[in-house]
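Pasting run.cif here (mmCIF, C-alpha atoms):
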data_work
#
loop_
_atom_site.label_atom_id
_atom_site.label_comp_id
_atom_site.auth_asym_id
_atom_site.auth_seq_id
_atom_site.Cartn_x
_atom_site.Cartn_y
_atom_site.Cartn_z
CA MET A 1 0.00 0.00 0.00
CA LYS A 2 1.20 3.49 -0.87
CA LYS A 3 2.53 5.59 2.02
CA ARG A 4 0.41 8.69 2.55
CA CYS A 5 0.30 11.56 5.03
CA THR A 6 -1.79 10.49 8.01
CA HIS A 7 -3.74 13.77 7.88
CA CYS A 8 -4.14 14.49 4.15
CA ILE A 9 -3.50 12.13 1.21
CA LEU A 10 -0.16 13.36 -0.15
CA SER A 11 1.79 10.25 -1.04
CA GLU A 12 5.48 9.54 -0.78
CA HIS A 13 6.34 10.40 -4.41
CA PHE A 14 4.70 13.83 -4.31
CA PRO A 15 7.44 16.45 -4.99
CA GLY A 16 8.98 17.94 -1.86
CA VAL A 17 6.90 15.95 0.63
CA SER A 18 8.39 14.69 3.90
CA TYR A 19 6.71 13.14 6.93
CA ASP A 20 7.30 13.65 10.65
CA SER A 21 7.42 10.84 13.23
CA GLU A 22 3.61 10.76 13.31
CA GLY A 23 3.40 10.49 9.54
CA VAL A 24 2.10 14.06 9.05
CA CYS A 25 3.43 15.69 5.88
CA SER A 26 5.39 18.92 5.62
CA PHE A 27 2.40 20.66 3.94
CA CYS A 28 0.02 19.86 6.81
CA ARG A 29 2.63 20.97 9.36
CA ASP A 30 2.77 24.47 7.83
CA LYS A 31 0.06 25.96 10.06
CA SER A 32 0.50 29.49 8.73
CA PHE A 33 -0.56 28.44 5.24
CA LEU A 34 -4.33 28.51 5.74
CA GLN A 35 -4.25 31.91 7.49
CA THR A 36 -2.10 33.37 4.69
CA GLU A 37 -4.56 31.93 2.20
CA GLU A 38 -7.54 33.39 4.09
CA ASN A 39 -5.98 36.85 3.94
CA ALA A 40 -5.30 36.48 0.22
CA ILE A 41 -8.91 35.40 -0.40
CA GLN A 42 -10.23 38.49 1.39
CA LYS A 43 -7.98 40.72 -0.69
CA ALA A 44 -9.03 38.93 -3.89
CA GLN A 45 -12.72 39.39 -2.98
CA GLU A 46 -12.18 43.14 -2.73
CA GLN A 47 -10.41 43.19 -6.10
CA VAL A 48 -13.17 41.10 -7.69
CA ASP A 49 -15.92 43.35 -6.29
CA GLU A 50 -14.15 46.43 -7.61
CA LEU A 51 -13.59 44.88 -11.05
CA LEU A 52 -17.19 43.67 -11.39
CA LYS A 53 -18.53 47.08 -10.40
CA THR A 54 -16.44 48.73 -13.13
CA VAL A 55 -17.31 46.17 -15.80
CA LYS A 56 -21.05 46.16 -15.06
CA ALA A 57 -21.12 49.94 -15.36
CA GLN A 58 -19.84 49.64 -18.94
CA SER A 59 -23.17 48.05 -20.03
CA ASN A 60 -21.63 45.81 -22.71
CA THR A 61 -23.54 42.92 -24.28
CA TYR A 62 -21.54 40.53 -22.09
CA ASP A 63 -19.67 41.26 -18.86
CA ALA A 64 -17.78 37.99 -18.93
CA VAL A 65 -17.01 34.87 -20.91
CA MET A 66 -17.18 31.76 -18.76
CA LEU A 67 -15.20 28.56 -19.32
CA TYR A 68 -18.13 26.18 -18.94
CA SER A 69 -17.39 22.45 -18.99
CA GLY A 70 -20.75 21.39 -17.59
CA GLY A 71 -19.02 19.88 -14.53
CA LYS A 72 -20.17 20.66 -11.01
CA ASP A 73 -17.59 23.36 -10.26
CA SER A 74 -18.08 25.39 -13.43
CA THR A 75 -21.86 24.96 -13.15
CA TYR A 76 -21.80 26.38 -9.63
CA THR A 77 -19.51 29.22 -10.78
CA LEU A 78 -21.87 30.08 -13.64
CA TYR A 79 -24.79 30.03 -11.20
CA GLN A 80 -22.90 32.39 -8.86
CA ALA A 81 -21.86 34.68 -11.70
CA VAL A 82 -25.46 35.13 -12.83
CA LYS A 83 -27.42 34.98 -9.57
CA LYS A 84 -25.03 36.30 -6.92
CA TYR A 85 -22.98 38.78 -8.95
CA GLY A 86 -25.60 39.68 -11.59
CA LEU A 87 -23.26 39.29 -14.55
CA LYS A 88 -24.25 38.97 -18.21
CA VAL A 89 -22.30 35.86 -19.14
CA LEU A 90 -21.42 34.23 -22.44
CA SER A 91 -20.60 30.62 -21.59
CA PHE A 92 -18.06 28.74 -23.67
CA THR A 93 -17.67 24.97 -23.87
CA LEU A 94 -14.79 23.10 -25.47
CA ASP A 95 -16.13 19.77 -26.72
CA ASN A 96 -13.06 17.53 -26.67
CA GLY A 97 -15.09 14.55 -27.88
CA TYR A 98 -15.07 12.88 -24.45
CA ILE A 99 -17.85 14.81 -22.72
CA PRO A 100 -20.54 12.43 -21.39
CA ASN A 101 -24.05 12.83 -22.83
CA GLN A 102 -25.34 13.63 -19.35
CA THR A 103 -22.88 16.52 -19.09
CA PHE A 104 -24.14 17.92 -22.39
CA ASP A 105 -27.71 17.61 -21.08
CA ASN A 106 -26.56 19.55 -18.03
CA ILE A 107 -24.99 22.29 -20.17
CA VAL A 108 -28.24 22.78 -22.10
CA LYS A 109 -30.43 22.59 -19.01
CA ILE A 110 -28.34 24.98 -16.89
CA THR A 111 -27.71 27.61 -19.58
CA ASP A 112 -31.42 27.58 -20.47
CA LYS A 113 -32.40 27.88 -16.84
CA LEU A 114 -30.00 30.77 -16.20
CA GLY A 115 -30.75 32.47 -19.52
CA VAL A 116 -27.15 32.28 -20.62
CA ASP A 117 -25.84 32.04 -24.20
CA ASN A 118 -23.50 29.15 -24.93
CA LEU A 119 -20.81 28.73 -27.59
CA ILE A 120 -19.38 25.28 -28.33
CA PHE A 121 -16.06 24.72 -30.03
CA ARG A 122 -15.25 21.18 -31.12
CA PRO A 123 -11.82 20.44 -32.61
CA SER A 124 -11.85 17.60 -35.13
CA LYS A 125 -11.81 14.17 -33.51
CA GLU A 126 -8.61 13.28 -35.36
CA ASN A 127 -6.74 16.34 -34.13
CA MET A 128 -8.04 16.02 -30.58
CA LYS A 129 -7.00 12.39 -30.42
CA ALA A 130 -3.51 13.29 -31.66
CA ILE A 131 -3.20 15.94 -28.93
CA VAL A 132 -4.44 13.57 -26.21
CA LYS A 133 -2.17 10.76 -27.36
CA ALA A 134 0.94 12.94 -27.58
CA SER A 135 0.20 14.55 -24.19
CA ALA A 136 -0.22 11.16 -22.55
CA LEU A 137 2.81 9.44 -24.01
CA TYR A 138 5.51 12.09 -24.32
CA PRO A 139 7.15 14.47 -21.83
CA ILE A 140 5.51 17.65 -23.15
CA TYR A 141 5.30 19.70 -19.95
CA ASN A 142 7.73 20.41 -17.16
CA LYS A 143 7.24 18.28 -14.08
CA ARG A 144 6.41 21.24 -11.83
CA THR A 145 3.31 22.03 -13.91
CA MET A 146 2.27 18.41 -13.48
CA VAL A 147 2.06 18.77 -9.69
CA ARG A 148 -1.50 20.06 -10.00
CA ILE A 149 -2.77 18.54 -13.20
CA SER A 150 -2.34 15.66 -15.63
CA SER A 151 -0.63 16.26 -18.94
CA VAL A 152 -3.75 15.62 -21.05
CA CYS A 153 -5.88 17.90 -18.83
CA ASN A 154 -3.23 20.59 -19.16
CA SER A 155 -3.34 20.36 -22.97
CA CYS A 156 -7.12 20.62 -22.93
CA ILE A 157 -7.23 23.51 -20.47
CA SER A 158 -4.54 25.42 -22.36
CA MET A 159 -6.71 25.11 -25.46
CA VAL A 160 -9.81 26.23 -23.54
CA ASN A 161 -7.95 29.24 -22.13
CA THR A 162 -6.61 30.27 -25.53
CA GLN A 163 -9.99 29.95 -27.25
CA ALA A 164 -11.76 31.80 -24.45
CA LEU A 165 -9.19 34.57 -24.64
CA ARG A 166 -9.81 34.80 -28.37
CA ILE A 167 -13.58 35.06 -27.83
CA ALA A 168 -13.10 37.70 -25.13
CA LEU A 169 -10.88 39.83 -27.36
CA GLU A 170 -13.06 39.47 -30.44
CA LYS A 171 -16.21 40.36 -28.49
CA ASN A 172 -14.62 43.02 -26.33
CA ILE A 173 -15.30 41.16 -23.08
CA SER A 174 -13.21 42.26 -20.08
CA ILE A 175 -13.50 39.23 -17.81
CA ILE A 176 -12.88 35.53 -18.28
CA LEU A 177 -14.47 33.39 -15.57
CA ALA A 178 -13.27 29.91 -14.68
CA GLY A 179 -14.42 27.37 -12.11
CA PHE A 180 -11.08 26.36 -10.66
CA THR A 181 -10.77 25.71 -6.93
CA LEU A 182 -7.91 26.46 -4.58
CA GLY A 183 -5.63 23.47 -4.75
CA GLN A 184 -6.13 23.40 -8.51
CA ILE A 185 -4.67 26.88 -8.77
CA PRO A 186 -2.50 28.97 -6.42
CA VAL A 187 -4.20 31.55 -4.21
CA ASN A 188 -2.58 34.49 -6.04
CA SER A 189 -4.36 33.37 -9.18
CA ILE A 190 -7.94 33.98 -8.00
CA ILE A 191 -7.85 37.19 -10.01
CA TYR A 192 -5.11 38.15 -12.45
CA LYS A 193 -4.65 40.04 -15.66
CA ASN A 194 -3.86 37.89 -18.71
CA ASN A 195 -0.29 38.32 -19.81
CA TYR A 196 -0.27 36.74 -23.24
CA THR A 197 3.33 37.58 -24.10
CA PHE A 198 4.65 35.82 -21.02
CA LEU A 199 2.17 33.00 -21.48
CA GLU A 200 3.37 32.51 -25.04
CA GLU A 201 6.98 32.53 -23.89
CA SER A 202 6.35 30.10 -21.07
CA ARG A 203 4.48 27.75 -23.41
CA ALA A 204 6.94 27.96 -26.32
CA LYS A 205 8.83 24.79 -25.37
CA SER A 206 5.75 22.67 -24.62
CA ASN A 207 3.95 23.93 -27.74
CA SER A 208 6.98 23.08 -29.84
CA LEU A 209 7.04 19.54 -28.44
CA LEU A 210 3.30 19.09 -28.86
CA ARG A 211 3.58 20.35 -32.44
CA LYS A 212 6.42 17.89 -33.09
CA TYR A 213 4.24 14.94 -32.04
CA THR A 214 1.04 16.20 -33.69
CA GLY A 215 1.38 18.67 -36.57
CA GLU A 216 1.75 22.29 -37.63
CA TRP A 217 -2.04 22.65 -37.34
CA LEU A 218 -1.61 22.76 -33.57
CA ASP A 219 -1.15 26.55 -33.59
CA THR A 220 -4.77 26.99 -34.68
CA TYR A 221 -5.78 25.84 -31.20
CA TYR A 222 -3.01 27.20 -29.00
CA ASN A 223 -2.05 30.57 -30.45
CA LEU A 224 -3.95 33.77 -31.04
CA PRO A 225 -3.81 35.42 -34.47
CA THR A 226 -0.91 37.90 -34.60
CA SER A 227 -3.20 40.74 -35.67
CA LEU A 228 -5.43 40.18 -32.64
CA VAL A 229 -2.45 40.28 -30.27
CA LYS A 230 -1.01 43.36 -31.97
CA ASN A 231 -4.27 45.29 -31.75
CA THR A 232 -4.98 44.45 -28.12
CA VAL A 233 -4.43 47.27 -25.66
CA GLU A 234 -6.29 45.96 -22.62
CA TRP A 235 -6.13 42.22 -21.87
CA PRO A 236 -9.04 40.51 -20.11
CA THR A 237 -8.81 39.62 -16.43
CA MET A 238 -9.12 36.00 -15.28
CA VAL A 239 -11.40 35.51 -12.29
CA ASN A 240 -11.99 32.29 -10.35
CA LEU A 241 -15.12 33.02 -8.33
CA LEU A 242 -15.34 29.58 -6.74
CA CYS A 243 -12.06 30.17 -4.90
CA LEU A 244 -13.84 32.88 -2.92
CA GLU A 245 -16.32 30.37 -1.50
CA LYS A 246 -15.74 27.74 1.17
CA LEU A 247 -17.92 24.88 0.02
CA SER A 248 -17.85 21.10 0.14
CA GLU A 249 -18.64 19.00 -2.92
CA GLU A 250 -21.97 18.04 -1.31
CA GLU A 251 -22.94 21.69 -0.87
CA ILE A 252 -22.05 22.49 -4.47
CA VAL A 253 -23.99 19.51 -5.83
CA ALA A 254 -26.99 20.32 -3.60
CA ALA A 255 -27.09 23.90 -4.89
CA ILE A 256 -26.86 23.04 -8.59
CA SER A 257 -29.23 20.10 -8.29
CA THR A 258 -31.99 22.63 -7.71
CA LEU A 259 -31.28 23.84 -11.27
CA GLY A 260 -31.60 20.32 -12.65
CA TRP A 261 -27.91 19.36 -12.76
CA THR A 262 -27.38 15.58 -12.62
CA ALA A 263 -24.06 13.81 -12.05
CA PRO A 264 -22.95 11.72 -15.05
CA LYS A 265 -22.36 8.04 -14.33
CA ASN A 266 -19.60 7.11 -16.82
CA VAL A 267 -16.80 9.19 -15.26
CA ASP A 268 -14.53 8.66 -12.25
CA GLY A 269 -14.92 10.18 -8.77
CA CYS A 270 -12.67 13.13 -9.58
CA SER A 271 -14.58 14.36 -12.62
CA SER A 272 -18.10 15.29 -13.59
CA ASN A 273 -17.37 16.32 -17.16
CA CYS A 274 -14.75 14.21 -18.93
CA GLN A 275 -14.36 10.53 -19.72
CA LEU A 276 -10.62 10.92 -20.22
CA ASN A 277 -9.99 11.54 -16.55
CA THR A 278 -9.36 7.96 -15.42
CA PHE A 279 -6.99 7.41 -18.33
CA ASN A 280 -5.13 10.65 -17.58
CA ASN A 281 -4.77 9.82 -13.89
CA VAL A 282 -3.50 6.30 -14.47
CA ILE A 283 -0.84 7.56 -16.89
CA HIS A 284 0.14 10.33 -14.44
CA GLU A 285 0.52 7.81 -11.61
CA LYS A 286 2.60 5.57 -13.83
CA VAL A 287 4.93 8.39 -14.83
CA TYR A 288 5.20 10.40 -11.61
CA GLY A 289 4.12 7.97 -8.90
CA TYR A 290 1.25 10.06 -7.51
CA ASN A 291 -2.28 11.06 -8.53
CA PRO A 292 -2.72 14.60 -9.97
CA TYR A 293 -5.70 15.20 -7.63
CA GLU A 294 -3.68 14.62 -4.44
CA LEU A 295 -2.79 18.30 -4.00
CA GLU A 296 -6.35 19.56 -4.51
CA LEU A 297 -7.99 16.91 -2.32
CA SER A 298 -5.37 17.36 0.43
CA HIS A 299 -6.04 21.08 0.39
CA MET A 300 -9.77 20.37 0.80
CA ILE A 301 -9.05 18.05 3.74
CA ARG A 302 -7.03 20.79 5.49
CA LYS A 303 -9.94 23.19 5.00
CA GLY A 304 -12.39 20.63 6.38
CA LEU A 305 -14.28 20.29 3.09
CA ILE A 306 -13.81 16.57 2.56
CA ASP A 307 -12.83 13.67 4.81
CA ARG A 308 -9.64 11.71 4.21
CA GLU A 309 -11.37 8.39 3.47
CA THR A 310 -13.55 9.91 0.75
CA ALA A 311 -10.51 11.62 -0.75
CA ILE A 312 -8.54 8.36 -0.78
CA SER A 313 -11.42 6.53 -2.43
CA LYS A 314 -11.46 9.18 -5.18
CA VAL A 315 -7.80 8.69 -6.09
CA GLU A 316 -7.62 4.94 -5.53
CA THR A 317 -10.80 3.85 -7.31
CA MET A 318 -10.02 3.59 -11.00
CA ASP A 319 -12.19 1.58 -13.37
CA PRO A 320 -9.89 -0.60 -15.53
CA GLU A 321 -12.64 -0.98 -18.14
CA LEU A 322 -12.94 2.79 -18.50
CA PHE A 323 -9.16 3.05 -18.86
CA LYS A 324 -9.07 0.33 -21.51
CA SER A 325 -11.94 1.81 -23.51
CA ILE A 326 -10.11 5.15 -23.77
CA ALA A 327 -6.76 3.50 -24.60
CA ASP A 328 -8.50 1.51 -27.36
CA ASP A 329 -10.24 4.62 -28.67
CA LEU A 330 -6.89 6.43 -28.84
CA GLN A 331 -5.28 3.35 -30.39
CA ILE A 332 -2.63 3.28 -27.69
CA SER A 333 -1.11 -0.15 -27.06
CA GLU A 334 -0.10 -1.61 -23.72
CA ASP A 335 3.53 -1.41 -24.83
CA GLU A 336 3.21 2.32 -25.54
CA ILE A 337 1.66 2.86 -22.12
CA GLY A 338 4.45 0.82 -20.55
CA ASN A 339 7.06 2.94 -22.33
CA ALA A 340 5.52 6.29 -21.34
CA GLY A 341 7.30 6.42 -17.99
CA SER A 342 10.71 5.72 -19.46
CA LEU A 343 10.20 8.33 -22.21
CA TYR A 344 9.56 10.91 -19.51
CA LYS A 345 12.64 9.89 -17.58
CA THR A 346 14.93 10.10 -20.60
CA GLY A 347 13.19 13.23 -21.90
CA LYS A 348 12.91 11.80 -25.46
CA MET B 1 15.97 47.70 3.62
CA GLU B 2 17.23 44.43 2.14
CA SER B 3 20.26 44.30 -0.13
CA THR B 4 20.01 42.73 -3.59
CA LEU B 5 21.56 39.55 -2.21
CA GLN B 6 19.05 39.44 0.63
CA ILE B 7 16.21 39.90 -1.88
CA GLN B 8 17.63 37.03 -3.92
CA GLU B 9 17.74 34.87 -0.81
CA GLN B 10 14.10 35.63 0.03
CA LEU B 11 13.05 34.93 -3.55
CA LEU B 12 14.94 31.64 -3.54
CA GLU B 13 13.22 30.65 -0.31
CA PHE B 14 9.81 31.56 -1.78
CA VAL B 15 10.48 29.62 -4.99
CA CYS B 16 11.76 26.54 -3.12
CA ARG B 17 8.80 26.52 -0.74
CA ASN B 18 6.13 27.13 -3.37
CA TYR B 19 7.44 25.08 -6.27
CA MET B 20 8.74 22.18 -4.24
CA VAL B 21 12.30 22.38 -5.46
CA GLU B 22 15.58 22.11 -3.60
CA ARG B 23 17.82 25.16 -3.44
CA ASP B 24 20.47 23.37 -5.51
CA ASP B 25 17.90 22.86 -8.27
CA VAL B 26 17.54 26.60 -8.87
CA ILE B 27 20.10 28.43 -11.02
CA PRO B 28 19.66 32.10 -10.02
CA ASP B 29 20.65 33.66 -13.33
CA GLU B 30 18.68 31.31 -15.56
CA SER B 31 15.02 31.60 -16.51
CA LEU B 32 12.71 29.91 -14.00
CA VAL B 33 10.47 28.98 -16.93
CA ASP B 34 13.32 27.42 -18.91
CA GLN B 35 14.44 25.53 -15.82
CA GLY B 36 10.95 24.04 -15.66
CA ILE B 37 10.27 25.53 -12.22
CA ILE B 38 7.40 27.93 -12.97
CA ASP B 39 4.71 28.27 -15.62
CA SER B 40 2.47 31.28 -16.29
CA PHE B 41 0.73 30.82 -12.92
CA GLY B 42 4.18 31.12 -11.36
CA LEU B 43 4.62 34.57 -12.84
CA VAL B 44 1.36 35.71 -11.23
CA GLU B 45 2.40 34.18 -7.90
CA ILE B 46 5.86 35.72 -7.86
CA SER B 47 4.47 39.09 -8.88
CA GLY B 48 1.97 38.90 -6.01
CA TYR B 49 4.71 37.88 -3.60
CA ILE B 50 7.15 40.69 -4.41
CA GLN B 51 4.40 43.32 -4.29
CA LYS B 52 3.39 42.20 -0.82
CA GLU B 53 6.84 41.43 0.54
CA PHE B 54 8.74 44.43 -0.80
CA GLY B 55 5.95 47.00 -0.96
CA ILE B 56 6.20 47.73 -4.67
CA VAL B 57 3.55 48.00 -7.37
CA VAL B 58 3.97 45.95 -10.53
CA VAL B 59 2.04 47.07 -13.60
CA ASP B 60 1.08 44.65 -16.37
CA SER B 61 3.61 45.98 -18.87
CA GLU B 62 6.43 45.22 -16.42
CA MET B 63 5.57 41.53 -16.22
CA ASN B 64 7.93 40.39 -18.92
CA ARG B 65 10.98 38.23 -19.35
CA ALA B 66 13.36 41.14 -18.88
CA ASN B 67 12.08 41.75 -15.34
CA PHE B 68 10.91 38.27 -14.35
CA GLY B 69 13.27 36.05 -16.36
CA SER B 70 15.32 34.76 -13.42
CA ILE B 71 15.87 35.16 -9.68
CA VAL B 72 18.66 37.67 -10.41
CA LYS B 73 16.45 39.66 -12.81
CA ILE B 74 13.53 39.73 -10.37
CA SER B 75 15.72 40.94 -7.50
CA ASN B 76 17.25 43.64 -9.72
CA PHE B 77 13.74 44.67 -10.73
CA VAL B 78 12.62 44.87 -7.08
CA GLU B 79 15.61 47.01 -6.22
CA LYS B 80 15.06 49.30 -9.22
CA LYS B 81 11.38 49.75 -8.30
CA ARG B 82 12.19 50.55 -4.70
CA ASN B 83 14.73 53.16 -5.72
CA SER B 84 12.50 54.80 -8.31
#
Could you write out this structure as structure tokens?
Amino acid sequence: MKKRCTHCILSEHFPGVSYDSEGVCSFCRDKSFLQTEENAIQKAQEQVDELLKTVKAQSNTYDAVMLYSGGKDSTYTLYQAVKKYGLKVLSFTLDNGYIPNQTFDNIVKITDKLGVDNLIFRPSKENMKAIVKASALYPIYNKRTMVRISSVCNSCISMVNTQALRIALEKNISIILAGFTLGQIPVNSIIYKNNYTFLEESRAKSNSLLRKYTGEWLDTYYNLPTSLVKNTVEWPTMVNLLCLEKLSEEEIVAAISTLGWTAPKNVDGCSSNCQLNTFNNVIHEKVYGYNPYELELSHMIRKGLIDRETAISKVETMDPELFKSIADDLQISEDEIGNAGSLYKTGK
Amino acid sequence: MESTLQIQEQLLEFVCRNYMVERDDVIPDESLVDQGIIDSFGLVEISGYIQKEFGIVVVDSEMNRANFGSIVKISNFVEKKRNS
């Protein structure tokens, strides 16, 4: 059995983790962390309130574009954006080809109920499969980025972010909303101004690798048109409203259930919007030795939002059939999966 | 007020604590991005940290590779801002 912190679920291969004589990890022992985070949340709330006041006063068609996956967190965020903050939201969904039917039903039901417009962007199945396959099998991203997220998820989210940024710029929308939680993103990232130049620079190496294993067409999904970048004076601000709330999964689900949201059945315990998740997590564990949800779930345990047993069951219950069905769909052989770890280690 | 070396030390400590790297893993005059230590979130985090810790204001146009490219560049930037 894998060694884990006796308080949270950080396992022995998690970067930088160490345990004391009682088996408590170095992250749980840092008692000042939660207070520092609380202060940062309060400051972020003030910044968000100020920003929303300014943007709402502009009376544009849309105040914000929302990255809407149809999962529980983004559904709750959309609900908050419309009902609590009174924003006019354009929701945006990236259909990566692996969204469960139930999640699509949820997207339609929730956007209709909230009176929100929805845009769907679906890359071709062939291109999406190539991106997923390359992200899973080759060392595209640096290992520090992988502390919070699996490689395939990172490729998908980078595409979502780029496309949402494009929509925001083309439609003159000042805010991009996302449904990330603390643990998924650092506390300083609750609200921040997009810095596309730095983003482009920091992604140059990974984009080049992803392009190498897929094709030149990749830039269509991950880069903005040069003219759009050149003509942009004011970049949109990213806001993660859910990070301002202190809610358990049960409370989130209870709130959105009143809108008609229903949990899909053919996904794992860590996802309510993507069938790739089990596959991504298994590959991540194979390569790095820990589950990409450990950091987020451990953070929730420290905040009292989930109990340790439930968190462990989420990262340790993987359906082998679900994994195999995705591997077959991607035409990835057992040998290729077996080699993934060694490719990462040698950096080939 | 801290010297440039003291600022570098504090930055190194912040980077090691937040990005789970050992001190020996960080080359102070090389890009933190190129070393695989931070991504774009890292830029936002470090910017937030130096504003709070050293009492400076960072505007969007200053968040570039010239100012945030490495530990050395960030500490020089902090010092320049404090003296301006």
Selection near segment 50-55 of chain B, 10 Å with all atoms listed in the file, sequence-local residues under 4 positions removed, as a PyMOL selection string: chain B and resi 1-2+7+10-11+14+45-46+74-75+77-79+81-82
I would like the residues chosen by the PyMOL selection byres ((chain A and resi 97) around 8) on the shown file; could you give them as a list in words?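 Evaluating the PyMOL selection byres ((chain A and resi 97) around 8) on this file yields Asp95, Asn96, Tyr98, Ile99, Arg122, Lys125 and Met128 of chain A.
Straight-line separation from atom CA of Ser135 of chain A to atom CA of Val152 of chain A: 5.2 Å.
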d(atom CA of Val287 of chain A, atom CA of Gly341 of chain A) in Å: 4.4 Å
Selection result of the PyMOL selection byres ((chain A and resi 47-60) around 8) on this file, as a ChimeraX atom specification: /A:43-46,61-63,85,87,173-174,191,239
Residue selection dump (C-alpha atoms) as a PDB file, in the frame of the given file:
ATOM      1  CA  LYS A  43      -7.980  40.720  -0.690  1.00  0.00           C
ATOM      2  CA  ALA A  44      -9.030  38.930  -3.890  1.00  0.00           C
ATOM      3  CA  GLN A  45     -12.720  39.390  -2.980  1.00  0.00           C
ATOM      4  CA  GLU A  46     -12.180  43.140  -2.730  1.00  0.00           C
ATOM      5  CA  THR A  61     -23.540  42.920 -24.280  1.00  0.00           C
ATOM      6  CA  TYR A  62     -21.540  40.530 -22.090  1.00  0.00           C
ATOM      7  CA  ASP A  63     -19.670  41.260 -18.860  1.00  0.00           C
ATOM      8  CA  TYR A  85     -22.980  38.780  -8.950  1.00  0.00           C
ATOM      9  CA  LEU A  87     -23.260  39.290 -14.550  1.00  0.00           C
ATOM     10  CA  ILE A 173     -15.300  41.160 -23.080  1.00  0.00           C
ATOM     11  CA  SER A 174     -13.210  42.260 -20.080  1.00  0.00           C
ATOM     12  CA  ILE A 191      -7.850  37.190 -10.010  1.00  0.00           C
ATOM     13  CA  VAL A 239     -11.400  35.510 -12.290  1.00  0.00           C
TER      14      VAL A 239
END
If you measure from atom CA of Lys212 of chain A to atom CA of Tyr138 of chain A, what distance in Å do you get, rounded to one decimal? 10.6 Å
Which neighbours of segment 27-34 of chain B fall inside 7 Å, counting all atoms listed in the file, when residues of the same chain fewer than 2 positions from it are skipped, and could you give them as a PDB file with C-alpha atoms, in the frame of the given file?
ATOM      1  CA  SER A 202       6.350  30.100 -21.070  1.00  0.00           C
TER       2      SER A 202
ATOM      3  CA  ASP B  25      17.900  22.860  -8.270  1.00  0.00           C
ATOM      4  CA  GLY B  36      10.950  24.040 -15.660  1.00  0.00           C
ATOM      5  CA  ILE B  37      10.270  25.530 -12.220  1.00  0.00           C
ATOM      6  CA  ILE B  38       7.400  27.930 -12.970  1.00  0.00           C
ATOM      7  CA  ASP B  39       4.710  28.270 -15.620  1.00  0.00           C
ATOM      8  CA  GLY B  69      13.270  36.050 -16.360  1.00  0.00           C
ATOM      9  CA  SER B  70      15.320  34.760 -13.420  1.00  0.00           C
ATOM     10  CA  ILE B  71      15.870  35.160  -9.680  1.00  0.00           C
ATOM     11  CA  VAL B  72      18.660  37.670 -10.410  1.00  0.00           C
TER      12      VAL B  72
END
Residue by residue, what does the PyMOL selection byres ((chain A and resi 282) around 12) grab here? Present the result as an mmCIF file with C-alpha atoms, keeping the file's coordinate frame.
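Okay, this is what ended up in selection02.cif:
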data_model
loop_
_atom_site.group_PDB
_atom_site.id
_atom_site.type_symbol
_atom_site.label_atom_id
_atom_site.label_comp_id
_atom_site.auth_asym_id
_atom_site.auth_seq_id
_atom_site.Cartn_x
_atom_site.Cartn_y
_atom_site.Cartn_z
ATOM 1 C CA ALA A 136 -0.220 11.160 -22.550
ATOM 2 C CA LEU A 137 2.810 9.440 -24.010
ATOM 3 C CA SER A 150 -2.340 15.660 -15.630
ATOM 4 C CA SER A 151 -0.630 16.260 -18.940
ATOM 5 C CA VAL A 152 -3.750 15.620 -21.050
ATOM 6 C CA ASP A 268 -14.530 8.660 -12.250
ATOM 7 C CA LEU A 276 -10.620 10.920 -20.220
ATOM 8 C CA ASN A 277 -9.990 11.540 -16.550
ATOM 9 C CA THR A 278 -9.360 7.960 -15.420
ATOM 10 C CA PHE A 279 -6.990 7.410 -18.330
ATOM 11 C CA ASN A 280 -5.130 10.650 -17.580
ATOM 12 C CA ASN A 281 -4.770 9.820 -13.890
ATOM 13 C CA ILE A 283 -0.840 7.560 -16.890
ATOM 14 C CA HIS A 284 0.140 10.330 -14.440
ATOM 15 C CA GLU A 285 0.520 7.810 -11.610
ATOM 16 C CA LYS A 286 2.600 5.570 -13.830
ATOM 17 C CA VAL A 287 4.930 8.390 -14.830
ATOM 18 C CA TYR A 288 5.200 10.400 -11.610
ATOM 19 C CA GLY A 289 4.120 7.970 -8.900
ATOM 20 C CA TYR A 290 1.250 10.060 -7.510
ATOM 21 C CA ASN A 291 -2.280 11.060 -8.530
ATOM 22 C CA PRO A 292 -2.720 14.600 -9.970
ATOM 23 C CA TYR A 293 -5.700 15.200 -7.630
ATOM 24 C CA VAL A 315 -7.800 8.690 -6.090
ATOM 25 C CA GLU A 316 -7.620 4.940 -5.530
ATOM 26 C CA THR A 317 -10.800 3.850 -7.310
ATOM 27 C CA MET A 318 -10.020 3.590 -11.000
ATOM 28 C CA ASP A 319 -12.190 1.580 -13.370
ATOM 29 C CA PRO A 320 -9.890 -0.600 -15.530
ATOM 30 C CA LEU A 322 -12.940 2.790 -18.500
ATOM 31 C CA PHE A 323 -9.160 3.050 -18.860
ATOM 32 C CA LYS A 324 -9.070 0.330 -21.510
ATOM 33 C CA ILE A 326 -10.110 5.150 -23.770
ATOM 34 C CA ALA A 327 -6.760 3.500 -24.600
ATOM 35 C CA ILE A 337 1.660 2.860 -22.120
ATOM 36 C CA GLY A 338 4.450 0.820 -20.550
ATOM 37 C CA ALA A 340 5.520 6.290 -21.340
ATOM 38 C CA GLY A 341 7.300 6.420 -17.990
#
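Of the residues listed (A:Asn231, A:Ser342, A:Asn195, A:Thr162), A:Asn195 shows the shortest atom-to-atom separation from chain B; distances use all atoms listed in the file.
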Show me, as a list in words, every residue of chain B with an atom at most 9 Å from chain A, counting all atoms listed in the file.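 Putting it all together, I get Arg17, Tyr19, Met20, Val21, Glu22, Val33, Asp34, Gln35, Gly36, Ile37, Ile38, Asp39, Ser40, Phe41, Gly42, Leu43, Val44, Glu45, Ile46, Ser47, Gly48, Tyr49, Asp60, Ser61, Met63, Asn64 and Arg65 of chain B.
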